[in-house]
Structure formats: C-alpha cells, structure tokens
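Down below is the structure, laid out as structure tokens.
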Number of protein chains: 2
Amino acid sequence: MALTQTDELTDDVFPFDRASAAPGQLRKIFRSGSYRGTTAAMADGYTQGNLAIIPERFALDFARFCQRNPQPCPMIGVSDTGNPQMFTLGKDIDIRTDIPSYNIYRNGEYEGSVADINEYWEDDSVAFVLGCSFSFEEALAQEKVPLRHQELGRTCPMYKTSIETEVSGPFGGGMVVSMRPMSPSDAIRASAITARFPHTHGMPVHMGNPLDIGITDIHKPDWGDPTEFYEGEIPVFWACGVTPQNAIQNARIPFVITHTPGSMLITDKISAIA
Amino acid sequence: MALTQTDELTDDVFPFDRASAAPGQLRKIFRSGSYRGTTAAMADGYTQGNLAIIPERFALDFARFCQRNPQPCPMIGVSDTGNPQMFTLGKDIDIRTDIPSYNIYRNGEYEGSVADINEYWEDDSVAFVLGCSFSFEEALAQEKVPLRHQELGRTCPMYKTSIETEVSGPFGGGMVVSMRPMSPSDAIRASAITARFPHTHGMPVHMGNPLDIGITDIHKPDWGDPTEFYEGEIPVFWACGVTPQNAIQNARIPFVITHTPGSMLITDKISAIA
C-alpha cells in the first residue's frame, strides 16, 4: 500500500534521523500517541506492513485468501487469537498501540480513526500484517530507479483491474495494482530488484498495455493521484495492498480494524529475502 | 522433504519420459493407482509438495505455524474445508487420488499406507501442501552443484536441531534440517541458487559447525542415511519438511493424512520465483 497523507512530524516528536532509526525507537513514539502520520521514509531496510484485524471466525478463510494471493496479500505476521503481541515480527510489538493511526470499520463502513485500539481489541481478534510497498520503493530509490510519484510529490496511482484474485470463502474480487512509469531499461532493473522482495509484493504483475489488465484510462486512477509519462516510458504494474482491504470491505465483515493508509507497522524484519 | 524409497516404476506405467513429462500426465497415472513410488526426478521445473490433511478445528493454528516458519513449512496450497479440489495448484487436482501413496495417522500413531484416501476424506478435512526440496535439488543439479547423497544412491541425511520453531497453538518443536556436504565455493553458489526457491525451503539456515545448531554427531542423522565428506567440504543445512510432520505428530492431532515420504504432489506451479 502506497497511500500517503499529510506529514505531521516535528523535530520534537522525532529527536533522531527517521530513515536510520531503529524500528523499536519509532514504535515507542507511535505508542506514546504523539504522532499520527505516514511511516514512509522511516527505518530504511526494515519491512513495513499493512494491518487487518478481523474476528477469528473469518481468520481461516482470510489466511487462505492471503496464501492464494501472495503478491497482493503477502502475510508477514498473524497474531494468536486475542493476543495483541506480534512476537514473530519484532521485540515488544503491541499491535493495539504501535501503529501511528488506525481505521475502524463496521459492516464495511468507515467509522473513524483512532490513535490506539486498546478499547477495540477483543478476545476473538486476529491481527494480520501484510507486507507493503514502502520497502521495495526504498530499494528502487537506492538503486537509482526513478519513482515519478515521489518526484512529483504525489501519491502513487492505483487501479482496479480485470485480474481476478483466487477466492476464499467471502474474500475475493479484482486485484488492485499500483503503477509506476519507467523506461524499458528501468522496468527491467525494477523487475529484478523487486523479485528480491516477495514479502512486499515482489515482481511486477504486468507491464505495457493497461487494457491487457482491464485498465481503460491510465490517467484516471481509482486511488491515488494521476502521474506523468516521459517520452518512451511504459507503465509498470505491481500488486497492491488495497486488494485485501477491498476484499475485506466487500465481504462485509461486521468489525474490522486496519492501519490508517500510509501509517504502517514498522517491523524488525529485514525487507529483502537475499 | 527428501526421503526416498524403492522405485517401483516400470515402462508399462510410464510410457513417456518422466523428467520432461507434464504434471497432469503424471497425476493421471497416480490417480489410476498403478504407481506407489517416489516422485523424484519427475516433471522437472515444477514444484512438488508435502501433504498434511488435518481437521478444520486445527487448521487456523497450523496455517499460523506455517506462516511463522516459512523455511521449513512453505505453504504453497491450502484447500477449502471439505473440498478435495486443489484448484490453486493446477488443473483438475483431486487431493484424494493424485498422489502415489498416502500415510494414515491416528492420535500420532502410523496406521498404514493407502493408494487413495477417498474413504478417509471428511467434510471437515483441510489439505495443506508445503513445498519440498526436490525442486531446488533439481536446480542445483542443473547448475552442476554436486549432491553427494544422490551420487551415493542414498537418502539425504536429516537432523533434529536446537533451532526452535515459532510456536502456534499445539504446533511447535525443533526445526529439522537436511544436510548436503559442499566445498565452500559450491556452498556459496547453492545459497544464491536456492534463494530463488523460497517456496521450497529457500536458502540454507546454517553452514559450518553442526554444534552451532545442536547437532552433536554429523555421521548419525536422525532420518535418512549418513553421507561422506570429501577434503575441504563443509556441511550445508536447509530447513526440512520433516519439521511440520514432527510438529503435527507431537500435537497428537486425532486424525492426520500425509503423503508417503518421497511420494509427493506434483503441482502445475513453476518452482523458482524468478
């Protein structure tokens, strides 16, 4: 997920360099409730994750949905039922407090955002953390692959597609993709680089003609901002973390908690597999 | 899992080259019940998988166990509850018939082997398919990395270790590893090659001193056959599919069906991620 939002950080909140900070340093600040903004460009090299908390009775079907659709839904951590400690993702991670901001949904409808979910966590809650594209975008930037939306100060464009996900129980629907314009040579390098990040969407799912995957107007994204193409560039498409969010919303699960777009869980896990 | 067993194939059973055969051709023969042997060296380039069928009430905990321990337990397919069609792993795969041989366990005790499980599949059955090392061994062989156990006509040695798995519900215990002796330069190449196969155990978990992972006598494996070291070689250890089998057995699940060691599910999925 590459949605961004207003950056609310101040020097008071982050008395250290955010990019080189340790994940635990940052989570401590999020836990204090003093920061509600994006986690982009923080803790370079560590995996960041989307959050979805659902009742246990939907958890097996959702785990199967993620297993069947690993590019849009790369499971990097699943809590024990009712236990908010994400002990497989790092030291002392309490999923109720350690993300800057949370969204609450009832019966598929957005109810509001909160700084912590201590009041909302239940005995039957299961937290799923799914890898997000911040990690591979950072790797692309380090390898000098230009990222247009960042150059323009915009949010990466995202699109509904005709690529069907593999259904599991109430979860299904079309895959959502993010798109980055690139020269063919950058697209080739970006494919090789992101192949090393299977836990954060991995390789592209398509490049070239948008119509091949059911996108009729590349200048009208369904989420995020339109972007610009330079001479000779082609669109390169990656599976996007909005896919599971849509699947959950369409399944009309009665009570769901997610991260607020852009405000991710920063884990202690290294992003690249090798 | 790299256990092998007596090869029972005949020209009558396989009227084509097994290594270049399509997965569906082979599964059709297994479905007929006329072959009960190993699937090693079949359908080159396609992922083969270990099987574990458990009752649904244990499935969420087991899915979490696999998610938390992806090197020994790489989930490549999970069935819908009660539906024997593994539609995410290939065309027309019926998990009740399409593996050469199955093992039946009750309360952790081996009850026997059967050619199909039509009588044993239940409405609450959930089938987990976990990637097996046949795929990466084939890739190593193609890249001319010598595999000693194959040269000697033996089964790859496997060991209990002091590496603890991440526990989930009743599932846990030590990681089991397979070991292949290699020169340092082959060990380096093997690490890079197997990194491309995260769905079939991926990179090594250790190389060098066996004591570092609690193995006191490298010449006395817990499963498989002892092997031989040549001058200057070091042991290289990979996570092994016996790990989840042990975890299931120790959990004393009342009724479990697995593949018979060496007789894997051959899927339509390509082995390497890139």
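Going by the structure tokens order, chains are called A, B, ..., each with residues numbered from 1, while ligands are numbered from 1 in the order shown.
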
May I ask you to extract the residues of chain B within 10 Å of chain A, using only C-alpha atoms, and to give them as a PDB file with C-alpha atoms, in the first residue's frame?
ATOM      1  CA  GLU B  56     -10.606 -27.809  10.288  1.00  0.00           C
ATOM      2  CA  ARG B  57     -10.536 -27.025  14.013  1.00  0.00           C
ATOM      3  CA  ALA B  59      -6.315 -25.515  10.563  1.00  0.00           C
ATOM      4  CA  LEU B  60      -6.004 -21.881  11.684  1.00  0.00           C
ATOM      5  CA  ASP B  61      -3.310 -22.750  14.217  1.00  0.00           C
ATOM      6  CA  PHE B  62      -1.477 -24.843  11.626  1.00  0.00           C
ATOM      7  CA  ALA B  63      -1.733 -22.078   8.996  1.00  0.00           C
ATOM      8  CA  ARG B  64      -0.223 -19.697  11.569  1.00  0.00           C
ATOM      9  CA  PHE B  65       2.511 -22.238  12.337  1.00  0.00           C
ATOM     10  CA  GLN B  67       3.249 -18.646   8.185  1.00  0.00           C
ATOM     11  CA  ARG B  68       5.609 -18.235  11.153  1.00  0.00           C
ATOM     12  CA  ASN B  69       8.063 -20.862   9.920  1.00  0.00           C
ATOM     13  CA  PRO B  70       8.171 -20.354   6.162  1.00  0.00           C
ATOM     14  CA  MET B  75       2.600 -23.170   2.299  1.00  0.00           C
ATOM     15  CA  ILE B  76       2.008 -23.447  -1.434  1.00  0.00           C
ATOM     16  CA  GLY B  77      -1.638 -24.517  -1.296  1.00  0.00           C
ATOM     17  CA  VAL B  78      -4.458 -24.860   1.230  1.00  0.00           C
ATOM     18  CA  SER B  79      -7.784 -26.463   0.306  1.00  0.00           C
ATOM     19  CA  ASP B  80     -11.186 -25.119   1.153  1.00  0.00           C
ATOM     20  CA  THR B  81     -12.649 -27.071   4.074  1.00  0.00           C
ATOM     21  CA  PHE B  87      -7.704 -25.552  -7.671  1.00  0.00           C
ATOM     22  CA  THR B  88      -4.923 -23.112  -6.843  1.00  0.00           C
ATOM     23  CA  LEU B  89      -2.161 -25.634  -7.584  1.00  0.00           C
ATOM     24  CA  GLU B 166       7.860 -20.235  16.324  1.00  0.00           C
ATOM     25  CA  VAL B 167       5.028 -21.941  18.188  1.00  0.00           C
ATOM     26  CA  SER B 168       1.348 -21.737  17.186  1.00  0.00           C
ATOM     27  CA  GLY B 169      -1.290 -23.410  19.337  1.00  0.00           C
ATOM     28  CA  SER B 191      22.966 -20.332  -1.346  1.00  0.00           C
ATOM     29  CA  ALA B 192      22.389 -17.984  -4.271  1.00  0.00           C
ATOM     30  CA  ALA B 195      17.390 -18.167  -2.640  1.00  0.00           C
ATOM     31  CA  ARG B 196      15.302 -18.238  -5.832  1.00  0.00           C
ATOM     32  CA  PRO B 198      11.555 -19.608  -1.212  1.00  0.00           C
ATOM     33  CA  GLY B 202      14.833 -21.348   0.155  1.00  0.00           C
ATOM     34  CA  MET B 203      18.353 -20.526   1.323  1.00  0.00           C
ATOM     35  CA  ILE B 273      10.139 -17.279  -8.071  1.00  0.00           C
ATOM     36  CA  ALA B 274      12.221 -15.549 -10.756  1.00  0.00           C
TER      37      ALA B 274
END

Could you go through segment 55-208 of chain A and tell me which residues DSSP, when run on the backbone, assigns to strand (DSSP E or B), listing them as a short mmCIF file (atom, residue, chain, number, x, y, z; two decimals) with C-alpha atoms, in the first residue's frame?
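Below is the file that was written, out_37.cif:
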data_model
loop_
_atom_site.label_atom_id
_atom_site.label_comp_id
_atom_site.auth_asym_id
_atom_site.auth_seq_id
_atom_site.Cartn_x
_atom_site.Cartn_y
_atom_site.Cartn_z
CA PRO A 55 -12.81 -11.79 14.21
CA MET A 75 1.32 -12.44 5.01
CA ILE A 76 4.30 -11.46 7.14
CA GLY A 77 2.69 -11.93 10.54
CA VAL A 78 -0.51 -13.33 12.07
CA GLN A 85 1.72 -9.23 20.94
CA ASP A 94 1.78 -4.44 20.85
CA TYR A 102 -5.94 3.04 12.99
CA ASN A 103 -9.18 2.97 10.99
CA ILE A 104 -12.33 1.38 12.39
CA TYR A 105 -14.90 -0.23 10.06
CA ARG A 106 -18.32 -1.64 10.98
CA GLU A 109 -18.46 1.28 6.61
CA TYR A 110 -15.69 3.57 7.84
CA GLU A 111 -16.43 4.73 11.37
CA GLY A 112 -13.37 6.82 12.21
CA SER A 113 -9.65 6.90 13.01
CA VAL A 114 -8.02 6.45 16.41
CA SER A 125 -9.41 -10.62 17.44
CA VAL A 126 -6.82 -11.92 14.96
CA ALA A 127 -4.31 -9.43 13.53
CA PHE A 128 -2.92 -9.98 10.02
CA VAL A 129 0.11 -7.96 8.93
CA LEU A 130 0.74 -7.89 5.17
CA GLY A 131 3.94 -6.53 3.61
CA MET A 158 -3.72 2.66 -8.09
CA TYR A 159 -6.25 0.90 -10.31
CA LYS A 160 -8.90 -1.79 -10.22
CA THR A 161 -8.07 -4.50 -12.76
CA SER A 162 -9.62 -7.45 -14.54
CA ILE A 163 -7.12 -9.78 -12.84
CA GLU A 164 -9.28 -11.95 -10.60
CA SER A 168 -11.55 -17.97 -0.35
CA PHE A 171 -12.99 -12.97 0.23
CA GLY A 174 -10.37 -7.98 -8.62
CA MET A 175 -6.71 -7.34 -7.92
CA VAL A 176 -5.76 -3.72 -7.31
CA VAL A 177 -2.41 -2.62 -8.75
CA SER A 178 -0.11 0.34 -8.26
CA MET A 179 1.60 1.83 -11.32
CA ARG A 180 4.98 3.46 -11.87
CA PRO A 181 6.05 4.88 -15.27
CA MET A 182 9.53 3.69 -16.29
CA HIS A 206 2.18 -6.60 -15.69
CA MET A 207 3.95 -4.01 -17.82
#

Separation of atom CA of Tyr230 of chain A from atom CA of Ser183 of chain A, in Å and rounded to one decimal
8.4 Å

Which residues are near Gln150 of chain B? Cut-off 12 Å, only C-alpha atoms, ignore same chain within fewer than 2 positions. Put them as a list in words.
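Here the answer would be Ala2, Leu3, Thr4, Ala40, Ala41, Phe134, Glu137, Glu138, Leu140, Ala141, Val145, Pro146, Leu147, Arg148, Leu152, Gly153, Arg154, Thr155, Cys156, Pro157, Arg180, Pro181, Asp225, Thr227 and Glu228 of chain B.
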
Please return, as a ChimeraX atom specification, all residues of segment 32-260 of chain A that DSSP assigns to helix (DSSP H, G or I) on the basis of the backbone.
/A:32,56-68,134-142,148-151,184-194,198-200,210-213,242-250

Prev. selection, N, CA and C atoms, output as a compact mmCIF listing (two decimals), in the first residue's frame:
# COMPACT_ATOMS: atom_id res chain seq x y z
N SER A 32 3.33 6.19 22.19
CA SER A 32 3.02 7.32 23.07
C SER A 32 1.84 8.14 22.55
N GLU A 56 -12.00 -14.03 14.77
CA GLU A 56 -11.40 -15.33 14.48
C GLU A 56 -12.22 -16.19 13.51
N ARG A 57 -13.56 -16.07 13.56
CA ARG A 57 -14.35 -16.95 12.71
C ARG A 57 -14.13 -16.70 11.22
N PHE A 58 -13.55 -15.54 10.86
CA PHE A 58 -13.21 -15.27 9.45
C PHE A 58 -11.73 -15.51 9.16
N ALA A 59 -10.95 -15.85 10.18
CA ALA A 59 -9.49 -15.81 10.04
C ALA A 59 -8.95 -16.93 9.14
N LEU A 60 -9.53 -18.14 9.22
CA LEU A 60 -9.01 -19.22 8.37
C LEU A 60 -9.26 -18.91 6.91
N ASP A 61 -10.47 -18.43 6.59
CA ASP A 61 -10.74 -18.07 5.20
C ASP A 61 -9.83 -16.93 4.73
N PHE A 62 -9.58 -15.96 5.61
CA PHE A 62 -8.71 -14.85 5.19
C PHE A 62 -7.27 -15.31 5.04
N ALA A 63 -6.81 -16.20 5.92
CA ALA A 63 -5.45 -16.75 5.78
C ALA A 63 -5.33 -17.49 4.46
N ARG A 64 -6.37 -18.26 4.09
CA ARG A 64 -6.34 -18.95 2.80
C ARG A 64 -6.35 -17.95 1.64
N PHE A 65 -7.13 -16.87 1.80
CA PHE A 65 -7.15 -15.84 0.74
C PHE A 65 -5.74 -15.28 0.54
N CYS A 66 -5.07 -14.96 1.63
CA CYS A 66 -3.72 -14.40 1.52
C CYS A 66 -2.75 -15.42 0.94
N GLN A 67 -2.84 -16.68 1.40
CA GLN A 67 -1.95 -17.72 0.88
C GLN A 67 -2.14 -17.87 -0.63
N ARG A 68 -3.37 -17.74 -1.09
CA ARG A 68 -3.67 -17.96 -2.52
C ARG A 68 -3.32 -16.76 -3.39
N PHE A 134 6.40 0.16 0.63
CA PHE A 134 7.43 1.11 1.06
C PHE A 134 8.82 0.48 0.96
N SER A 135 8.92 -0.81 1.31
CA SER A 135 10.22 -1.45 1.34
C SER A 135 10.84 -1.53 -0.04
N PHE A 136 10.05 -1.95 -1.03
CA PHE A 136 10.68 -2.09 -2.35
C PHE A 136 10.88 -0.74 -3.02
N GLU A 137 10.04 0.25 -2.70
CA GLU A 137 10.26 1.59 -3.26
C GLU A 137 11.59 2.15 -2.75
N GLU A 138 11.87 1.90 -1.49
CA GLU A 138 13.15 2.35 -0.92
C GLU A 138 14.32 1.67 -1.64
N ALA A 139 14.16 0.36 -1.92
CA ALA A 139 15.22 -0.36 -2.63
C ALA A 139 15.38 0.18 -4.05
N LEU A 140 14.28 0.47 -4.72
CA LEU A 140 14.36 1.03 -6.08
C LEU A 140 15.06 2.39 -6.05
N ALA A 141 14.71 3.22 -5.08
CA ALA A 141 15.34 4.54 -4.96
C ALA A 141 16.84 4.42 -4.73
N GLN A 142 17.21 3.46 -3.87
CA GLN A 142 18.64 3.27 -3.60
C GLN A 142 19.40 2.82 -4.85
N ARG A 148 8.38 8.31 -10.17
CA ARG A 148 7.75 9.55 -10.63
C ARG A 148 6.85 10.19 -9.56
N HIS A 149 6.01 9.36 -8.91
CA HIS A 149 5.07 9.96 -7.95
C HIS A 149 5.81 10.65 -6.81
N GLN A 150 6.97 10.10 -6.44
CA GLN A 150 7.75 10.76 -5.38
C GLN A 150 8.37 12.05 -5.90
N GLU A 151 8.90 12.02 -7.15
CA GLU A 151 9.46 13.24 -7.74
C GLU A 151 8.42 14.36 -7.78
N PRO A 184 11.97 1.30 -20.49
CA PRO A 184 12.12 -0.16 -20.54
C PRO A 184 13.33 -0.66 -19.74
N SER A 185 14.45 0.06 -19.80
CA SER A 185 15.63 -0.45 -19.08
C SER A 185 15.42 -0.36 -17.56
N ASP A 186 14.76 0.71 -17.10
CA ASP A 186 14.45 0.78 -15.66
C ASP A 186 13.43 -0.28 -15.27
N ALA A 187 12.48 -0.56 -16.18
CA ALA A 187 11.47 -1.58 -15.88
C ALA A 187 12.12 -2.95 -15.71
N ILE A 188 13.13 -3.20 -16.53
CA ILE A 188 13.86 -4.47 -16.43
C ILE A 188 14.59 -4.56 -15.09
N ARG A 189 15.30 -3.47 -14.74
CA ARG A 189 16.03 -3.48 -13.46
C ARG A 189 15.07 -3.56 -12.28
N ALA A 190 13.94 -2.83 -12.39
CA ALA A 190 12.97 -2.84 -11.29
C ALA A 190 12.39 -4.24 -11.09
N SER A 191 12.20 -4.97 -12.19
CA SER A 191 11.69 -6.35 -12.07
C SER A 191 12.67 -7.22 -11.29
N ALA A 192 13.94 -7.10 -11.64
CA ALA A 192 14.96 -7.91 -10.96
C ALA A 192 15.09 -7.51 -9.50
N ILE A 193 15.06 -6.21 -9.22
CA ILE A 193 15.22 -5.74 -7.84
C ILE A 193 14.04 -6.18 -6.98
N THR A 194 12.81 -5.97 -7.47
CA THR A 194 11.64 -6.29 -6.63
C THR A 194 11.44 -7.79 -6.48
N PRO A 198 9.73 -10.65 -2.17
CA PRO A 198 8.43 -11.33 -2.32
C PRO A 198 7.48 -11.06 -1.17
N HIS A 199 8.00 -10.61 -0.01
CA HIS A 199 7.11 -10.34 1.13
C HIS A 199 6.51 -8.94 1.06
N THR A 200 6.91 -8.16 0.05
CA THR A 200 6.34 -6.81 -0.11
C THR A 200 5.95 -6.63 -1.57
N PRO A 210 -2.14 -1.11 -20.63
CA PRO A 210 -3.06 -1.17 -19.47
C PRO A 210 -4.32 -1.95 -19.77
N LEU A 211 -4.77 -1.92 -21.03
CA LEU A 211 -6.01 -2.62 -21.40
C LEU A 211 -5.89 -4.13 -21.17
N ASP A 212 -4.69 -4.65 -21.27
CA ASP A 212 -4.48 -6.10 -21.04
C ASP A 212 -5.01 -6.53 -19.67
N ILE A 213 -4.99 -5.61 -18.72
CA ILE A 213 -5.48 -5.96 -17.37
C ILE A 213 -6.72 -5.13 -17.01
N VAL A 242 -4.11 -2.58 -1.44
CA VAL A 242 -5.53 -2.20 -1.39
C VAL A 242 -6.39 -3.43 -1.72
N THR A 243 -5.81 -4.41 -2.42
CA THR A 243 -6.55 -5.62 -2.80
C THR A 243 -7.20 -6.30 -1.58
N PRO A 244 -6.43 -6.64 -0.54
CA PRO A 244 -7.07 -7.29 0.62
C PRO A 244 -8.03 -6.35 1.35
N GLN A 245 -7.73 -5.05 1.37
CA GLN A 245 -8.66 -4.10 2.02
C GLN A 245 -10.01 -4.13 1.33
N ASN A 246 -9.98 -4.12 -0.02
CA ASN A 246 -11.22 -4.23 -0.79
C ASN A 246 -11.93 -5.54 -0.52
N ALA A 247 -11.15 -6.61 -0.50
CA ALA A 247 -11.74 -7.94 -0.30
C ALA A 247 -12.44 -7.99 1.06
N ILE A 248 -11.81 -7.41 2.07
CA ILE A 248 -12.42 -7.39 3.41
C ILE A 248 -13.67 -6.53 3.41
N GLN A 249 -13.58 -5.38 2.76
CA GLN A 249 -14.73 -4.47 2.75
C GLN A 249 -15.92 -5.13 2.03
N ASN A 250 -15.64 -5.77 0.89
CA ASN A 250 -16.72 -6.40 0.13
C ASN A 250 -17.31 -7.60 0.87

Nearest-residue call for Pro235 of chain B, choices B:Val205, B:Glu122, B:Asp222, B:Lys269, using only C-alpha atoms:
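That would be B:Val205, the residue with the smallest distance to Pro235 of chain B.
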
Find the spatial neighbours of Ile266 of chain B, counting only C-alpha atoms, within a cut-off of 8 Å - ignore same-chain residues fewer than 2 positions away - and output them as a VMD selection string.
chain B and resid 23 26 to 27 39 43 46 to 49 99 264 268

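Pairwise distance (atom CA of Arg18 of chain A, atom CA of Thr38 of chain A) equals 11.5 Å.
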